[in-house]
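One structure is given here, and the rest of the page talks about it.
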Amino acid sequence: MKILGIETSCDETAASLLEVKNGGFNLLSNVVLSQTEIHKKYGGIVPEVAARAHLEAINFVIAEALGKTIKPDLIAVTKGPGLITSLAVGVQTAKTLSYIWQAPLIGVNHLAGHLWSFLLNRNSQFEILNSLPAVALIVSGGHTELVLVKGIGKYKLIGQTLDDAAGEAFDKVAKMLGLGYPGGPIVSHFTLKGNKDKIKFPRPMLASADFDFSFSGLKTSVKYFIRDLLPKGNLSQQMICDICASFQAAVIEVLAAKTVWAAEKYKVKSIILGGGVSANEELAQRLRFKAQNLNINCLVPEKWLTGDNAAMIALAGYFNLPSPRLRQTGLKKSSKSNWKKLNAEANLRLV
């Protein structure tokens, strides 16, 4: 089976061709056209600009992904969550292709793609057998969620951010410091020469009796710290590095602590990390270390899979298909979507 994946939830126009054969995954292509350079001058993503860029790029990106393949066996497209104008481009394109090719079409939850993207590291669906139940930390620019995973389609939301997502906080701190966009990789770069113990920023909700997060107060604390330094002319390059390192340490401590606590409480076999912030080496290393102490797995996608991409969407689309082999692992059976009924859903939830 060859699956065409299409992803346009935010500011990457992506298409991928995934072959599934004998229980394994063979990624034939993975094309991602980023709009980062377009949005840099705005300091963030402008939805209308993103949608126009998707319109200009999507036909080319899909053609590149298909290569010599005339027609896929299945089309999987992100239907949400995300920017509604961006999502609509991908969904309408997928519906048109489904009609022309008379190919089955499945709408995919973007968060499910991030959750299962680690499987593409191993190229085998059988990794699931030894991984569940699991606690998944899905952390990106728009989402910070802790999910109890008992199977594909068997999810329970146990914690989420009450305000800013972790990735959003990284972006805003980078903007405060005048470092540019996107904030996550830039802040992480500056932490390399910083002292993470220099500034004691707050650890919001670290001691709360739940698995929820909050990063708005931490972001505000950084803002006031910078404000107090500027009149004194103390915002040196070294101080910028120290602020980045201290901020990142606060975020990671809260994310890791709550994830590990959830893993202990629910007695899971694995911790799964997914989403754009999973590219953060310190976060991944902290969770690996904690998981090792608990004698459980820590499943992290390779860096090229952490950002928005269509390979993970093709994979999640495959898991929506009814299959005896998949049902043996307790995966949810779902029917193929009718292209007429598929619509973009900006606020689509995983649970």
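Order determines the names: the first chain of the structure tokens is A, the second B, and so forth; residues in each chain are numbered 1 upward, and ligands are numbered 1 upward as they are shown.
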
Within 10 Å of stretch 282-300 of chain A: each stretch 111-166 of chain A residue with its shortest pair, only C-alpha atoms, as a tab-separated table:
residue	atom	partner	partner_atom	distance
A:Leu115	CA	A:Val300	CA	9.5
A:Trp116	CA	A:Leu299	CA	9.4
A:Ser117	CA	A:Val300	CA	8.3
A:Phe118	CA	A:Val300	CA	5.6
A:Leu119	CA	A:Leu299	CA	8.6
A:Asn121	CA	A:Val300	CA	8.7
A:Asn130	CA	A:Asn297	CA	9.0
A:Ser131	CA	A:Asn297	CA	7.2
A:Leu132	CA	A:Asn297	CA	9.8
A:Ala134	CA	A:Asn297	CA	9.0
A:Val135	CA	A:Cys298	CA	9.8
A:Ala136	CA	A:Leu299	CA	9.2

Would you mind exporting N, CA and C atoms of the selected residues as a PDB file, in the first residue's frame?
ATOM      1  N   LEU A 115       2.217  12.144  17.827  1.00  0.00           N
ATOM      2  CA  LEU A 115       2.285  11.120  18.866  1.00  0.00           C
ATOM      3  C   LEU A 115       2.976   9.858  18.358  1.00  0.00           C
ATOM      4  N   TRP A 116       2.631   9.435  17.144  1.00  0.00           N
ATOM      5  CA  TRP A 116       3.154   8.164  16.632  1.00  0.00           C
ATOM      6  C   TRP A 116       4.364   8.321  15.715  1.00  0.00           C
ATOM      7  N   SER A 117       4.885   9.523  15.568  1.00  0.00           N
ATOM      8  CA  SER A 117       5.979   9.736  14.613  1.00  0.00           C
ATOM      9  C   SER A 117       7.241   8.956  14.967  1.00  0.00           C
ATOM     10  N   PHE A 118       7.415   8.603  16.241  1.00  0.00           N
ATOM     11  CA  PHE A 118       8.606   7.848  16.623  1.00  0.00           C
ATOM     12  C   PHE A 118       8.692   6.501  15.911  1.00  0.00           C
ATOM     13  N   LEU A 119       7.544   5.967  15.481  1.00  0.00           N
ATOM     14  CA  LEU A 119       7.537   4.673  14.801  1.00  0.00           C
ATOM     15  C   LEU A 119       8.305   4.711  13.485  1.00  0.00           C
ATOM     16  N   ASN A 121      11.096   6.069  13.048  1.00  0.00           N
ATOM     17  CA  ASN A 121      12.513   5.804  13.337  1.00  0.00           C
ATOM     18  C   ASN A 121      12.836   4.341  13.118  1.00  0.00           C
ATOM     19  N   ASN A 130       5.332  -3.519  22.351  1.00  0.00           N
ATOM     20  CA  ASN A 130       6.118  -3.435  23.577  1.00  0.00           C
ATOM     21  C   ASN A 130       6.108  -2.040  24.200  1.00  0.00           C
ATOM     22  N   SER A 131       5.298  -1.135  23.653  1.00  0.00           N
ATOM     23  CA  SER A 131       5.354   0.261  24.079  1.00  0.00           C
ATOM     24  C   SER A 131       4.186   0.686  24.946  1.00  0.00           C
ATOM     25  N   LEU A 132       3.078  -0.046  24.897  1.00  0.00           N
ATOM     26  CA  LEU A 132       1.852   0.425  25.536  1.00  0.00           C
ATOM     27  C   LEU A 132       1.505  -0.366  26.785  1.00  0.00           C
ATOM     28  N   ALA A 134       1.277   3.892  27.499  1.00  0.00           N
ATOM     29  CA  ALA A 134       2.312   4.915  27.530  1.00  0.00           C
ATOM     30  C   ALA A 134       1.720   6.253  27.953  1.00  0.00           C
ATOM     31  N   VAL A 135       2.595   7.111  28.429  1.00  0.00           N
ATOM     32  CA  VAL A 135       2.242   8.513  28.643  1.00  0.00           C
ATOM     33  C   VAL A 135       2.943   9.311  27.557  1.00  0.00           C
ATOM     34  N   ALA A 136       2.185  10.104  26.800  1.00  0.00           N
ATOM     35  CA  ALA A 136       2.744  10.890  25.708  1.00  0.00           C
ATOM     36  C   ALA A 136       2.731  12.368  26.060  1.00  0.00           C
TER      37      ALA A 136
END

- Task: Write out as a PyMOL selection string each polymer residue whose atoms come within 7 Å of stretch 31-48 of chain A, counting only C-alpha atoms; drop sequence neighbours fewer than 6 positions from it.
- Result: chain A and resi 11-16+61+65+83+85+180-181+309

- Item | Within 12 Å of A:Leu97 using only C-alpha atoms, minus same-chain residues under 2 positions, as a PyMOL selection string | chain A and resi 4-6+59+62-63+70-77+90-95+99-105+339

Would you mind exporting the chosen residues as a PDB file, in the first residue's frame, restricted to C-alpha atoms?
ATOM      1  CA  LEU A   4       0.053  10.018   0.088  1.00  0.00           C
ATOM      2  CA  GLY A   5       0.238  12.231   3.169  1.00  0.00           C
ATOM      3  CA  ILE A   6      -0.604  15.955   3.002  1.00  0.00           C
ATOM      4  CA  ASN A  59       0.713  21.299  -6.250  1.00  0.00           C
ATOM      5  CA  ILE A  62       2.633  16.897  -3.991  1.00  0.00           C
ATOM      6  CA  ALA A  63       4.070  16.295  -7.451  1.00  0.00           C
ATOM      7  CA  ILE A  70       0.643   7.806 -10.764  1.00  0.00           C
ATOM      8  CA  LYS A  71      -1.943   7.162  -8.074  1.00  0.00           C
ATOM      9  CA  PRO A  72      -1.630   6.316  -4.345  1.00  0.00           C
ATOM     10  CA  ASP A  73      -3.775   3.662  -2.683  1.00  0.00           C
ATOM     11  CA  LEU A  74      -4.839   6.045   0.060  1.00  0.00           C
ATOM     12  CA  ILE A  75      -4.742   9.799   0.740  1.00  0.00           C
ATOM     13  CA  ALA A  76      -4.262  11.005   4.308  1.00  0.00           C
ATOM     14  CA  VAL A  77      -4.578  14.712   5.078  1.00  0.00           C
ATOM     15  CA  GLY A  90      -4.654  20.896   2.296  1.00  0.00           C
ATOM     16  CA  VAL A  91      -8.119  19.460   2.861  1.00  0.00           C
ATOM     17  CA  GLN A  92      -9.609  20.894  -0.335  1.00  0.00           C
ATOM     18  CA  THR A  93      -6.626  19.711  -2.365  1.00  0.00           C
ATOM     19  CA  ALA A  94      -6.921  16.216  -0.889  1.00  0.00           C
ATOM     20  CA  LYS A  95     -10.655  16.099  -1.588  1.00  0.00           C
ATOM     21  CA  TYR A  99     -12.455  12.648  -6.409  1.00  0.00           C
ATOM     22  CA  ILE A 100     -10.237  12.626  -9.498  1.00  0.00           C
ATOM     23  CA  TRP A 101      -8.386   9.423  -8.590  1.00  0.00           C
ATOM     24  CA  GLN A 102     -11.356   7.761  -6.871  1.00  0.00           C
ATOM     25  CA  ALA A 103      -8.918   7.027  -4.063  1.00  0.00           C
ATOM     26  CA  PRO A 104     -10.027   6.616  -0.434  1.00  0.00           C
ATOM     27  CA  LEU A 105      -9.424   9.667   1.743  1.00  0.00           C
ATOM     28  CA  TRP A 339     -14.428  12.989   0.658  1.00  0.00           C
TER      29      TRP A 339
END

- Write down as a PyMOL selection string the residues belonging to stretch 53-258 of chain A that are assigned helix (DSSP H, G or I) by DSSP computed on the backbone. chain A and resi 53-66+84-101+110-116+119-122+125-130+166-176+183-191+216-232+237-258

- Message: Please compute the atom CA of A:Gly317-atom CA of A:Lys341 distance, one decimal, in Å.
- Response: 16.3 Å

- Which distance in Å separates atom CA of A:Lys150 and atom CA of A:Leu321, to one decimal? 17.7 Å
